[in-house]
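Engineer: Structure file model-v3.pdb (PDB, C-alpha atoms) is given on the next line.
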```pdb
ATOM      1  CA  MET A   1    -318.975  67.539  -0.206
ATOM      2  CA  PRO A   2    -319.302  70.879  -2.009
ATOM      3  CA  ARG A   3    -317.929  71.345  -5.504
ATOM      4  CA  PHE A   4    -314.277  72.222  -5.035
ATOM      5  CA  CYS A   5    -312.760  74.860  -7.295
ATOM      6  CA  LEU A   6    -309.295  75.382  -5.807
ATOM      7  CA  LEU A   7    -306.690  73.022  -4.372
ATOM      8  CA  ALA A   8    -303.996  74.734  -2.276
ATOM      9  CA  ILE A   9    -300.960  72.493  -1.814
ATOM     10  CA  ASP A  10    -297.953  72.808   0.461
ATOM     11  CA  ILE A  11    -294.707  71.532  -1.080
ATOM     12  CA  ASP A  12    -292.239  70.049   1.417
ATOM     13  CA  GLY A  13    -293.803  67.123   3.243
ATOM     14  CA  THR A  14    -296.895  67.270   1.030
ATOM     15  CA  LEU A  15    -296.319  67.588  -2.711
ATOM     16  CA  VAL A  16    -292.810  66.116  -2.658
ATOM     17  CA  ASN A  17    -291.717  62.978  -0.842
ATOM     18  CA  SER A  18    -289.079  62.591   1.861
ATOM     19  CA  GLN A  19    -286.408  62.509  -0.862
ATOM     20  CA  HIS A  20    -287.611  65.949  -2.056
ATOM     21  CA  GLU A  21    -288.916  64.402  -5.288
ATOM     22  CA  LEU A  22    -292.203  64.903  -7.110
ATOM     23  CA  SER A  23    -293.336  61.343  -7.782
ATOM     24  CA  ASP A  24    -295.087  60.458 -11.002
ATOM     25  CA  ARG A  25    -298.201  59.281  -9.114
ATOM     26  CA  THR A  26    -298.531  62.584  -7.298
ATOM     27  CA  ARG A  27    -297.834  64.596 -10.445
ATOM     28  CA  ARG A  28    -300.523  62.683 -12.362
ATOM     29  CA  ALA A  29    -303.002  63.143  -9.502
ATOM     30  CA  VAL A  30    -302.495  66.917  -9.460
ATOM     31  CA  LEU A  31    -302.843  67.093 -13.243
ATOM     32  CA  ARG A  32    -306.050  65.032 -12.988
ATOM     33  CA  ALA A  33    -307.506  67.628 -10.610
ATOM     34  CA  LYS A  34    -306.354  70.444 -12.885
ATOM     35  CA  ARG A  35    -307.967  68.885 -15.949
ATOM     36  CA  ALA A  36    -311.189  68.450 -13.985
ATOM     37  CA  GLY A  37    -311.348  72.245 -13.703
ATOM     38  CA  ILE A  38    -309.826  72.705 -10.246
ATOM     39  CA  GLU A  39    -307.359  75.570  -9.908
ATOM     40  CA  ILE A  40    -304.008  74.497  -8.422
ATOM     41  CA  VAL A  41    -302.141  76.906  -6.140
ATOM     42  CA  LEU A  42    -298.847  76.057  -4.479
ATOM     43  CA  ALA A  43    -298.699  77.627  -1.013
ATOM     44  CA  THR A  44    -295.280  77.069   0.483
ATOM     45  CA  GLY A  45    -292.707  78.301   2.935
ATOM     46  CA  ARG A  46    -290.115  77.944   0.180
ATOM     47  CA  ARG A  47    -288.530  80.942  -1.445
ATOM     48  CA  TYR A  48    -289.821  81.826  -4.902
ATOM     49  CA  SER A  49    -286.720  80.534  -6.720
ATOM     50  CA  ARG A  50    -287.154  77.111  -5.111
ATOM     51  CA  VAL A  51    -290.753  76.768  -6.333
ATOM     52  CA  LEU A  52    -290.049  77.455 -10.003
ATOM     53  CA  PRO A  53    -288.765  73.921 -10.849
ATOM     54  CA  LEU A  54    -292.290  72.602 -10.167
ATOM     55  CA  VAL A  55    -294.078  74.971 -12.558
ATOM     56  CA  GLU A  56    -293.432  73.034 -15.756
ATOM     57  CA  PRO A  57    -294.106  69.438 -14.560
ATOM     58  CA  LEU A  58    -297.389  70.550 -12.956
ATOM     59  CA  GLU A  59    -298.363  72.796 -15.901
ATOM     60  CA  LEU A  60    -298.983  75.675 -13.515
ATOM     61  CA  ASN A  61    -300.245  78.990 -14.815
ATOM     62  CA  LEU A  62    -301.417  80.553 -11.546
ATOM     63  CA  PRO A  63    -299.477  82.753  -9.108
ATOM     64  CA  LEU A  64    -297.189  81.083  -6.575
ATOM     65  CA  VAL A  65    -297.770  81.756  -2.867
ATOM     66  CA  THR A  66    -294.263  81.652  -1.386
ATOM     67  CA  ALA A  67    -292.494  82.429   1.905
ATOM     68  CA  SER A  68    -295.611  81.307   3.811
ATOM     69  CA  GLY A  69    -297.749  83.941   2.098
ATOM     70  CA  ALA A  70    -295.353  86.880   2.320
ATOM     71  CA  LEU A  71    -294.553  86.954  -1.409
ATOM     72  CA  ILE A  72    -296.826  86.101  -4.338
ATOM     73  CA  LYS A  73    -295.366  86.136  -7.830
ATOM     74  CA  ARG A  74    -296.489  85.160 -11.313
ATOM     75  CA  ALA A  75    -294.091  82.583 -12.716
ATOM     76  CA  ARG A  76    -294.517  83.319 -16.412
ATOM     77  CA  ASP A  77    -293.033  86.810 -16.116
ATOM     78  CA  HIS A  78    -291.878  86.917 -12.447
ATOM     79  CA  GLN A  79    -294.203  89.830 -11.729
ATOM     80  CA  THR A  80    -294.783  90.491  -8.036
ATOM     81  CA  LEU A  81    -298.484  90.509  -7.129
ATOM     82  CA  PHE A  82    -298.081  90.870  -3.375
ATOM     83  CA  GLN A  83    -295.195  91.607  -1.033
ATOM     84  CA  ALA A  84    -295.767  91.790   2.715
ATOM     85  CA  GLU A  85    -294.533  94.765   4.727
ATOM     86  CA  PHE A  86    -293.538  94.901   8.387
ATOM     87  CA  LEU A  87    -295.129  97.456  10.675
ATOM     88  CA  PRO A  88    -292.799 100.426  11.284
ATOM     89  CA  GLY A  89    -290.108  99.420  13.747
ATOM     90  CA  ALA A  90    -291.263  95.797  14.084
ATOM     91  CA  LEU A  91    -288.375  94.283  12.133
ATOM     92  CA  ASP A  92    -285.810  96.412  14.000
ATOM     93  CA  VAL A  93    -287.128  95.242  17.381
ATOM     94  CA  CYS A  94    -287.213  91.664  16.141
ATOM     95  CA  LEU A  95    -283.609  91.767  14.900
ATOM     96  CA  ALA A  96    -282.373  93.419  18.085
ATOM     97  CA  THR A  97    -283.985  90.652  20.137
ATOM     98  CA  ILE A  98    -282.485  87.973  17.911
ATOM     99  CA  ALA A  99    -279.016  89.516  18.169
ATOM    100  CA  SER A 100    -279.262  89.919  21.946
ATOM    101  CA  HIS A 101    -279.706  86.154  22.238
ATOM    102  CA  GLY A 102    -276.713  85.382  20.048
ATOM    103  CA  TYR A 103    -278.524  84.372  16.859
ATOM    104  CA  GLU A 104    -278.352  85.640  13.291
ATOM    105  CA  ALA A 105    -281.197  86.227  10.873
ATOM    106  CA  VAL A 106    -281.490  85.420   7.197
ATOM    107  CA  LEU A 107    -283.788  87.949   5.502
ATOM    108  CA  TYR A 108    -285.774  87.613   2.286
ATOM    109  CA  GLY A 109    -285.960  90.299  -0.385
ATOM    110  CA  ASP A 110    -287.934  90.398  -3.632
ATOM    111  CA  THR A 111    -284.681  90.301  -5.571
ATOM    112  CA  PHE A 112    -285.088  87.289  -7.855
ATOM    113  CA  HIS A 113    -284.551  89.575 -10.861
ATOM    114  CA  GLU A 114    -281.117  90.427  -9.423
ATOM    115  CA  GLY A 115    -280.094  86.784  -9.209
ATOM    116  CA  PHE A 116    -280.497  86.179  -5.466
ATOM    117  CA  ASP A 117    -283.329  86.068  -2.935
ATOM    118  CA  PHE A 118    -281.948  86.331   0.606
ATOM    119  CA  TYR A 119    -279.480  88.413   2.613
ATOM    120  CA  HIS A 120    -277.113  87.210   5.333
ATOM    121  CA  ARG A 121    -273.947  88.101   7.187
ATOM    122  CA  ASP A 122    -270.540  86.643   6.302
ATOM    123  CA  VAL A 123    -270.845  82.832   6.228
ATOM    124  CA  THR A 124    -267.717  82.407   8.361
ATOM    125  CA  THR A 125    -269.415  84.160  11.298
ATOM    126  CA  SER A 126    -272.482  81.934  11.188
ATOM    127  CA  CYS A 127    -273.516  78.963  13.294
ATOM    128  CA  ARG A 128    -273.065  75.410  12.035
ATOM    129  CA  LEU A 129    -276.767  75.018  11.166
ATOM    130  CA  LEU A 130    -276.753  78.146   9.009
ATOM    131  CA  ILE A 131    -273.568  77.050   7.261
ATOM    132  CA  GLU A 132    -275.455  73.932   6.161
ATOM    133  CA  PHE A 133    -278.254  76.160   4.833
ATOM    134  CA  PHE A 134    -275.801  78.321   2.885
ATOM    135  CA  ALA A 135    -274.094  75.256   1.415
ATOM    136  CA  LYS A 136    -277.415  73.942   0.108
ATOM    137  CA  ASN A 137    -278.405  77.360  -1.266
ATOM    138  CA  GLU A 138    -275.122  78.465  -2.773
ATOM    139  CA  GLY A 139    -275.514  81.383  -5.159
ATOM    140  CA  PHE A 140    -278.917  82.490  -3.891
ATOM    141  CA  GLY A 141    -277.672  84.742  -1.062
ATOM    142  CA  ARG A 142    -276.077  88.157  -0.816
ATOM    143  CA  VAL A 143    -273.819  89.254   2.055
ATOM    144  CA  HIS A 144    -275.045  92.315   3.965
ATOM    145  CA  ALA A 145    -272.590  92.962   6.788
ATOM    146  CA  ARG A 146    -274.881  95.155   8.943
ATOM    147  CA  ILE A 147    -277.994  93.082   8.424
ATOM    148  CA  MET A 148    -278.854  92.923  12.142
ATOM    149  CA  THR A 149    -278.764  96.684  12.694
ATOM    150  CA  GLU A 150    -279.359  98.156   9.227
ATOM    151  CA  PRO A 151    -281.361  95.623   7.180
ATOM    152  CA  PRO A 152    -281.735  96.232   3.444
ATOM    153  CA  PRO A 153    -284.952  97.888   2.227
ATOM    154  CA  GLY A 154    -287.851  95.756   1.042
ATOM    155  CA  ILE A 155    -287.486  92.864   3.504
ATOM    156  CA  PHE A 156    -290.753  90.924   3.733
ATOM    157  CA  ALA A 157    -289.816  87.827   5.768
ATOM    158  CA  GLY A 158    -286.911  85.837   7.161
ATOM    159  CA  PHE A 159    -285.843  83.184   9.624
ATOM    160  CA  VAL A 160    -283.458  82.220  12.406
ATOM    161  CA  MET A 161    -282.089  78.702  12.841
ATOM    162  CA  GLY A 162    -281.295  76.650  15.937
ATOM    163  CA  THR A 163    -282.584  73.701  17.940
ATOM    164  CA  ARG A 164    -286.304  73.200  18.481
ATOM    165  CA  ASP A 165    -286.195  74.364  22.107
ATOM    166  CA  GLN A 166    -284.008  77.344  21.254
ATOM    167  CA  MET A 167    -286.382  78.519  18.538
ATOM    168  CA  HIS A 168    -289.513  78.146  20.679
ATOM    169  CA  SER A 169    -287.797  80.114  23.435
ATOM    170  CA  LEU A 170    -286.799  82.784  20.900
ATOM    171  CA  VAL A 171    -290.402  83.078  19.692
ATOM    172  CA  ASP A 172    -291.474  83.843  23.271
ATOM    173  CA  GLU A 173    -288.790  86.530  23.586
ATOM    174  CA  ILE A 174    -289.664  88.188  20.279
ATOM    175  CA  GLU A 175    -293.379  88.178  21.067
ATOM    176  CA  ARG A 176    -292.670  89.883  24.394
ATOM    177  CA  ALA A 177    -290.556  92.524  22.638
ATOM    178  CA  ALA A 178    -292.999  93.146  19.755
ATOM    179  CA  PRO A 179    -296.434  91.892  20.841
ATOM    180  CA  GLY A 180    -298.903  91.416  18.000
ATOM    181  CA  GLN A 181    -296.556  92.828  15.365
ATOM    182  CA  LEU A 182    -295.204  89.629  13.817
ATOM    183  CA  TYR A 183    -296.294  86.196  12.589
ATOM    184  CA  LEU A 184    -293.884  83.658  14.091
ATOM    185  CA  HIS A 185    -293.787  79.884  13.923
ATOM    186  CA  VAL A 186    -291.214  77.142  14.447
ATOM    187  CA  LEU A 187    -290.821  74.275  12.013
ATOM    188  CA  ARG A 188    -288.204  71.955  10.623
ATOM    189  CA  SER A 189    -287.616  71.753   6.899
ATOM    190  CA  PRO A 190    -286.746  68.187   5.852
ATOM    191  CA  ARG A 191    -283.767  69.620   3.951
ATOM    192  CA  TYR A 192    -281.931  70.885   7.054
ATOM    193  CA  ALA A 193    -280.794  69.599  10.436
ATOM    194  CA  GLY A 194    -281.930  72.661  12.388
ATOM    195  CA  TYR A 195    -285.317  74.148  13.213
ATOM    196  CA  MET A 196    -286.393  77.464  11.749
ATOM    197  CA  CYS A 197    -288.122  80.288  13.541
ATOM    198  CA  GLU A 198    -289.866  81.863  10.562
ATOM    199  CA  ILE A 199    -290.644  85.571  10.731
ATOM    200  CA  ALA A 200    -293.274  87.487   8.773
ATOM    201  CA  PRO A 201    -295.426  90.574   9.303
ATOM    202  CA  ALA A 202    -298.500  90.144  11.473
ATOM    203  CA  GLY A 203    -301.583  88.998   9.575
ATOM    204  CA  VAL A 204    -299.612  87.230   6.838
ATOM    205  CA  SER A 205    -299.974  83.490   6.297
ATOM    206  CA  LYS A 206    -300.401  80.949   3.548
ATOM    207  CA  TRP A 207    -304.148  81.362   3.974
ATOM    208  CA  THR A 208    -304.088  85.130   3.413
ATOM    209  CA  GLY A 209    -302.206  84.492   0.176
ATOM    210  CA  VAL A 210    -304.557  81.749  -1.009
ATOM    211  CA  TRP A 211    -307.676  83.625   0.053
ATOM    212  CA  GLY A 212    -306.562  86.836  -1.659
ATOM    213  CA  LEU A 213    -306.276  84.967  -4.950
ATOM    214  CA  ALA A 214    -309.545  83.074  -4.410
ATOM    215  CA  GLU A 215    -311.446  86.308  -3.807
ATOM    216  CA  GLN A 216    -310.146  87.722  -7.089
ATOM    217  CA  TRP A 217    -311.379  84.614  -8.888
ATOM    218  CA  GLY A 218    -314.775  84.545  -7.163
ATOM    219  CA  ILE A 219    -314.073  81.304  -5.296
ATOM    220  CA  ALA A 220    -315.676  80.879  -1.870
ATOM    221  CA  ALA A 221    -313.717  79.525   1.100
ATOM    222  CA  GLU A 222    -315.919  76.433   1.254
ATOM    223  CA  ALA A 223    -314.891  75.591  -2.320
ATOM    224  CA  ILE A 224    -311.198  75.441  -1.359
ATOM    225  CA  CYS A 225    -309.308  72.331  -0.291
ATOM    226  CA  ALA A 226    -305.986  72.993   1.488
ATOM    227  CA  VAL A 227    -303.372  70.328   2.181
ATOM    228  CA  GLY A 228    -300.225  70.500   4.311
ATOM    229  CA  ASP A 229    -298.074  68.931   6.981
ATOM    230  CA  ASP A 230    -296.588  71.581   9.280
ATOM    231  CA  VAL A 231    -297.640  74.398  11.594
ATOM    232  CA  ASN A 232    -297.445  77.089   8.901
ATOM    233  CA  ASP A 233    -300.184  75.160   7.049
ATOM    234  CA  ILE A 234    -302.646  75.338   9.938
ATOM    235  CA  PRO A 235    -304.227  78.712   9.018
ATOM    236  CA  MET A 236    -305.196  77.505   5.534
ATOM    237  CA  ILE A 237    -306.220  74.036   6.745
ATOM    238  CA  GLU A 238    -308.555  75.569   9.344
ATOM    239  CA  ALA A 239    -310.047  78.181   6.998
ATOM    240  CA  ALA A 240    -310.574  76.093   3.859
ATOM    241  CA  GLY A 241    -313.771  74.206   3.142
ATOM    242  CA  LEU A 242    -311.787  70.986   3.396
ATOM    243  CA  GLY A 243    -308.552  71.009   5.375
ATOM    244  CA  VAL A 244    -306.346  67.955   4.963
ATOM    245  CA  ALA A 245    -303.228  66.970   6.895
ATOM    246  CA  MET A 246    -300.774  64.507   5.452
ATOM    247  CA  GLY A 247    -300.137  61.291   7.350
ATOM    248  CA  ASN A 248    -296.615  62.530   8.073
ATOM    249  CA  ALA A 249    -297.890  65.862   9.454
ATOM    250  CA  VAL A 250    -297.047  67.122  12.929
ATOM    251  CA  GLU A 251    -299.744  66.467  15.515
ATOM    252  CA  GLU A 252    -300.884  70.119  15.719
ATOM    253  CA  THR A 253    -301.619  70.101  12.002
ATOM    254  CA  LYS A 254    -303.477  66.789  12.149
ATOM    255  CA  ALA A 255    -305.587  68.146  15.010
ATOM    256  CA  ALA A 256    -306.585  71.165  12.896
ATOM    257  CA  ALA A 257    -307.573  69.101   9.837
ATOM    258  CA  ASP A 258    -310.923  67.705   8.702
ATOM    259  CA  ARG A 259    -309.214  64.643   7.253
ATOM    260  CA  VAL A 260    -305.825  62.945   7.319
ATOM    261  CA  ALA A 261    -304.434  61.574   4.055
ATOM    262  CA  PRO A 262    -301.702  58.954   3.614
ATOM    263  CA  THR A 263    -298.119  60.190   3.926
ATOM    264  CA  ASN A 264    -296.161  62.011   1.234
ATOM    265  CA  ASP A 265    -294.097  58.850   0.676
ATOM    266  CA  GLU A 266    -297.401  57.045   0.016
ATOM    267  CA  ASP A 267    -298.489  59.678  -2.531
ATOM    268  CA  GLY A 268    -301.156  60.950  -0.163
ATOM    269  CA  LEU A 269    -302.179  63.731  -2.546
ATOM    270  CA  GLU A 270    -303.614  61.074  -4.834
ATOM    271  CA  GLN A 271    -306.139  60.242  -2.102
ATOM    272  CA  VAL A 272    -306.924  63.938  -1.616
ATOM    273  CA  VAL A 273    -307.683  64.334  -5.319
ATOM    274  CA  ASP A 274    -309.949  61.285  -5.153
ATOM    275  CA  TRP A 275    -311.829  62.878  -2.256
ATOM    276  CA  ILE A 276    -312.434  66.194  -3.971
ATOM    277  CA  LEU A 277    -313.405  64.626  -7.300
ATOM    278  CA  GLU A 278    -315.687  61.910  -5.938
TER     279      GLU A 278
END
```
Rewrite the structure of this file - the entire thing - as structure tokens.
Structural biologist:
Amino acid sequence: MPRFCLLAIDIDGTLVNSQHELSDRTRRAVLRAKRAGIEIVLATGRRYSRVLPLVEPLELNLPLVTASGALIKRARDHQTLFQAEFLPGALDVCLATIASHGYEAVLYGDTFHEGFDFYHRDVTTSCRLLIEFFAKNEGFGRVHARIMTEPPPGIFAGFVMGTRDQMHSLVDEIERAAPGQLYLHVLRSPRYAGYMCEIAPAGVSKWTGVWGLAEQWGIAAEAICAVGDDVNDIPMIEAAGLGVAMGNAVEETKAAADRVAPTNDEDGLEQVVDWILE
């Protein structure tokens, strides 16, 4: 194997176990890689505020790639290093399509400094699956009554929630309405009952976030190891020098990977660190 200089790690289903906990074995493995000189970058679909609790236990001092690459911020001072932008009109077409099929969107803004990080309509008008999301993210949202027709400025990503089949069907409809203008994927966060259709500007992914940082640091793609478990991890798993899927990963992600590690409940990242340090 080449000498690895950067380890890009997904969070849910990869870094944390099925109980959403960072185990001591996994934490020690990541710190072992860090102390061997490997840069550690978290690349996650999580919102920025939900990544911050991991900064201290992992002794992180590098930017955080959040919202599947659509927002990159520096944790020590919360400075924004990159915020994705939709093509003109793309978000409006996307929201109109979502509304026409009876769904509601939750939209992300770079508003951590204001004490919240997503916008939504009145909770009482929302579907059952979104109500669960709001209950588990109380205090992090802001009501914007006309979100589907007049979204706030500075939106860089968002999602819709429903069943798996509903969300895959919605992806097809949005792609027909705005071909090539958006990055869409369907996944299920282990925290929620429903599936999410995640929405970002075209050309934005976890890999674009990781690669943008690596280029600044003079790190080649072949010197990057990327680890994940879901479809939004596939771009970085395919592009990195070593792409690893967790044992609990969905089949599409395993098929894209060079290697498959043990599951997150088996502290699979420990094996990944062994591989890149051997």
Engineer: Given the PyMOL selection byres ((chain A and resi 122) around 12) and the file above, list the residues it selects as a PyMOL selection string.
Structural biologist: chain A and resi 104-106+119-121+123-127+130-131+134+141-148
Engineer: As an exercise, work out the distance from atom CA of A:Phe156 to atom CA of A:Arg176 in Å and give it to one decimal place.
Structural biologist: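 Value for the atom CA of A:Phe156-atom CA of A:Arg176 distance: 20.8 Å.
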Engineer: Evaluate the PyMOL selection byres ((chain A and resi 273-275) around 9) against this structure - the residues, as a count of residues only, please.
Structural biologist: 14
Engineer: Name the residues in contact with stretch 34-46 of chain A at a cut-off of 7 Å, using all atoms listed in the file, excluding same-chain residues fewer than 6 positions from it; report them as a PyMOL selection string.
Structural biologist: chain A and resi 4-11+62+64-68+206
Engineer: Pick out the closest residue to A:Arg188 from this set: A:Met246, A:Leu58, A:Ala75, A:Val160. Count only C-alpha atoms.
Structural biologist: A:Val160
Engineer: Hey, could you make a per-residue contact list for stretch 125-192 of chain A against stretch 78-92 of chain A with 9 Å as the cut-off, showing the nearest pair of atoms and its distance in Å to one decimal, counting all atoms listed in the file, sorted by chain and number, as JSON lines?
Structural biologist:
```
{"residue": "A:Met148", "atom": "CA", "partner": "A:Asp92", "partner_atom": "CA", "distance": 8.0}
{"residue": "A:Thr149", "atom": "CA", "partner": "A:Asp92", "partner_atom": "CA", "distance": 7.2}
{"residue": "A:Glu150", "atom": "CA", "partner": "A:Asp92", "partner_atom": "CA", "distance": 8.2}
{"residue": "A:Pro151", "atom": "CA", "partner": "A:Asp92", "partner_atom": "CA", "distance": 8.2}
{"residue": "A:Gly154", "atom": "CA", "partner": "A:Glu85", "partner_atom": "CA", "distance": 7.7}
{"residue": "A:Ile155", "atom": "CA", "partner": "A:Glu85", "partner_atom": "CA", "distance": 7.4}
{"residue": "A:Phe156", "atom": "CA", "partner": "A:Ala84", "partner_atom": "CA", "distance": 5.2}
{"residue": "A:Ala157", "atom": "CA", "partner": "A:Ala84", "partner_atom": "CA", "distance": 7.8}
{"residue": "A:Ala178", "atom": "CA", "partner": "A:Ala90", "partner_atom": "CA", "distance": 6.5}
{"residue": "A:Gln181", "atom": "CA", "partner": "A:Ala90", "partner_atom": "CA", "distance": 6.2}
{"residue": "A:Leu182", "atom": "CA", "partner": "A:Ala90", "partner_atom": "CA", "distance": 7.3}
```
Engineer: Tell me, in Å to one decimal, how far atom CA of A:Ala135 is from atom CA of A:Ala99.
Structural biologist: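 These atoms are spaced 22.5 Å apart.
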Engineer: Restricting the calculation to all atoms listed in the file: of A:Arg27, A:Arg50, A:Lys254, A:His101, which residue gets closest to A:Lys136?
Structural biologist: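 The shortest atom-to-atom distance to A:Lys136 comes from A:Arg50.
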Engineer: Out of A:Pro63, A:Glu175, A:Arg47, A:Thr263, which residue has the shortest atom-to-atom distance to A:Phe116 when counting all atoms listed in the file?
Structural biologist: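 Smallest distance to A:Phe116 is found for A:Arg47.
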Engineer: Work out how far apart atom CA of A:Tyr192 and atom CA of A:Leu129 are and give it in Å to one decimal.
Structural biologist: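 Answer for the atom CA of A:Tyr192 to atom CA of A:Leu129 separation: 7.8 Å.
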Engineer: What's the 10 Å shell around A:Gly13, counting only C-alpha atoms, without same-chain residues fewer than 6 positions away, as a VMD selection string?
Structural biologist: chain A and resid 19 to 20 189 to 190 228 to 230 246 to 249 263 to 265
Engineer: Given the choices A:Ala257, A:Pro57, A:Arg191, A:Ile199, which gets closest to A:Asn17 if the distance is worked out from only C-alpha atoms?
Structural biologist: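 Of A:Ala257, A:Pro57, A:Arg191, A:Ile199, the one nearest A:Asn17, counting only C-alpha atoms, is A:Arg191.
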Engineer: So that I can check the surroundings of A:Asp172, please list as a VMD selection string every protein, DNA and RNA residue that reaches within 12 Å of it, counting all atoms listed in the file and ignoring chain neighbours fewer than 5 positions away.
Structural biologist: chain A and resid 94 97 to 98 165 to 167 177 to 180 182 to 186 197
Engineer: Just to be explicit: take each residue in the selection above, keep C-alpha atoms, and write the result as a PDB file, in the frame of the given file.
Structural biologist:
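Here's the written file part-v9.pdb:
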```
ATOM      1  CA  CYS A  94    -287.213  91.664  16.141  1.00  0.00           C
ATOM      2  CA  THR A  97    -283.985  90.652  20.137  1.00  0.00           C
ATOM      3  CA  ILE A  98    -282.485  87.973  17.911  1.00  0.00           C
ATOM      4  CA  ASP A 165    -286.195  74.364  22.107  1.00  0.00           C
ATOM      5  CA  GLN A 166    -284.008  77.344  21.254  1.00  0.00           C
ATOM      6  CA  MET A 167    -286.382  78.519  18.538  1.00  0.00           C
ATOM      7  CA  ALA A 177    -290.556  92.524  22.638  1.00  0.00           C
ATOM      8  CA  ALA A 178    -292.999  93.146  19.755  1.00  0.00           C
ATOM      9  CA  PRO A 179    -296.434  91.892  20.841  1.00  0.00           C
ATOM     10  CA  GLY A 180    -298.903  91.416  18.000  1.00  0.00           C
ATOM     11  CA  LEU A 182    -295.204  89.629  13.817  1.00  0.00           C
ATOM     12  CA  TYR A 183    -296.294  86.196  12.589  1.00  0.00           C
ATOM     13  CA  LEU A 184    -293.884  83.658  14.091  1.00  0.00           C
ATOM     14  CA  HIS A 185    -293.787  79.884  13.923  1.00  0.00           C
ATOM     15  CA  VAL A 186    -291.214  77.142  14.447  1.00  0.00           C
ATOM     16  CA  CYS A 197    -288.122  80.288  13.541  1.00  0.00           C
TER      17      CYS A 197
END
```
Engineer: Taking the file as shown, what set of residues would the PyMOL selection byres ((chain A and resi 222) around 10) give back, as a PyMOL selection string?
Structural biologist: chain A and resi 1-6+219-221+223-225+239-242
Engineer: Grab the residues selected above and save them as an mmCIF file, in the coordinates of the input with C-alpha atoms.
Structural biologist:
```
data_model
loop_
_atom_site.group_PDB
_atom_site.id
_atom_site.type_symbol
_atom_site.label_atom_id
_atom_site.label_comp_id
_atom_site.auth_asym_id
_atom_site.auth_seq_id
_atom_site.Cartn_x
_atom_site.Cartn_y
_atom_site.Cartn_z
ATOM 1 C CA MET A 1 -318.975 67.539 -0.206
ATOM 2 C CA PRO A 2 -319.302 70.879 -2.009
ATOM 3 C CA ARG A 3 -317.929 71.345 -5.504
ATOM 4 C CA PHE A 4 -314.277 72.222 -5.035
ATOM 5 C CA CYS A 5 -312.760 74.860 -7.295
ATOM 6 C CA LEU A 6 -309.295 75.382 -5.807
ATOM 7 C CA ILE A 219 -314.073 81.304 -5.296
ATOM 8 C CA ALA A 220 -315.676 80.879 -1.870
ATOM 9 C CA ALA A 221 -313.717 79.525 1.100
ATOM 10 C CA ALA A 223 -314.891 75.591 -2.320
ATOM 11 C CA ILE A 224 -311.198 75.441 -1.359
ATOM 12 C CA CYS A 225 -309.308 72.331 -0.291
ATOM 13 C CA ALA A 239 -310.047 78.181 6.998
ATOM 14 C CA ALA A 240 -310.574 76.093 3.859
ATOM 15 C CA GLY A 241 -313.771 74.206 3.142
ATOM 16 C CA LEU A 242 -311.787 70.986 3.396
#
```
Engineer: Closest to A:Gly139 among A:Pro262, A:Ser49, A:Pro235, A:Tyr195, using all atoms listed in the file?
Structural biologist: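 Checking each candidate against A:Gly139, we get A:Ser49 as the closest.
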Engineer: For A:Phe118, which residue out of A:Arg164, A:Glu56, A:Tyr48, A:Leu22 is the nearest one, using only C-alpha atoms?
Structural biologist: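 Answer, going by the shortest atom-to-atom distance: A:Tyr48.
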Engineer: Could you pull the residues within 8 Å of A:Asp267, counting only C-alpha atoms, minus those fewer than 6 positions along the same chain, as a PyMOL selection string?
Structural biologist: chain A and resi 17+23+25-26
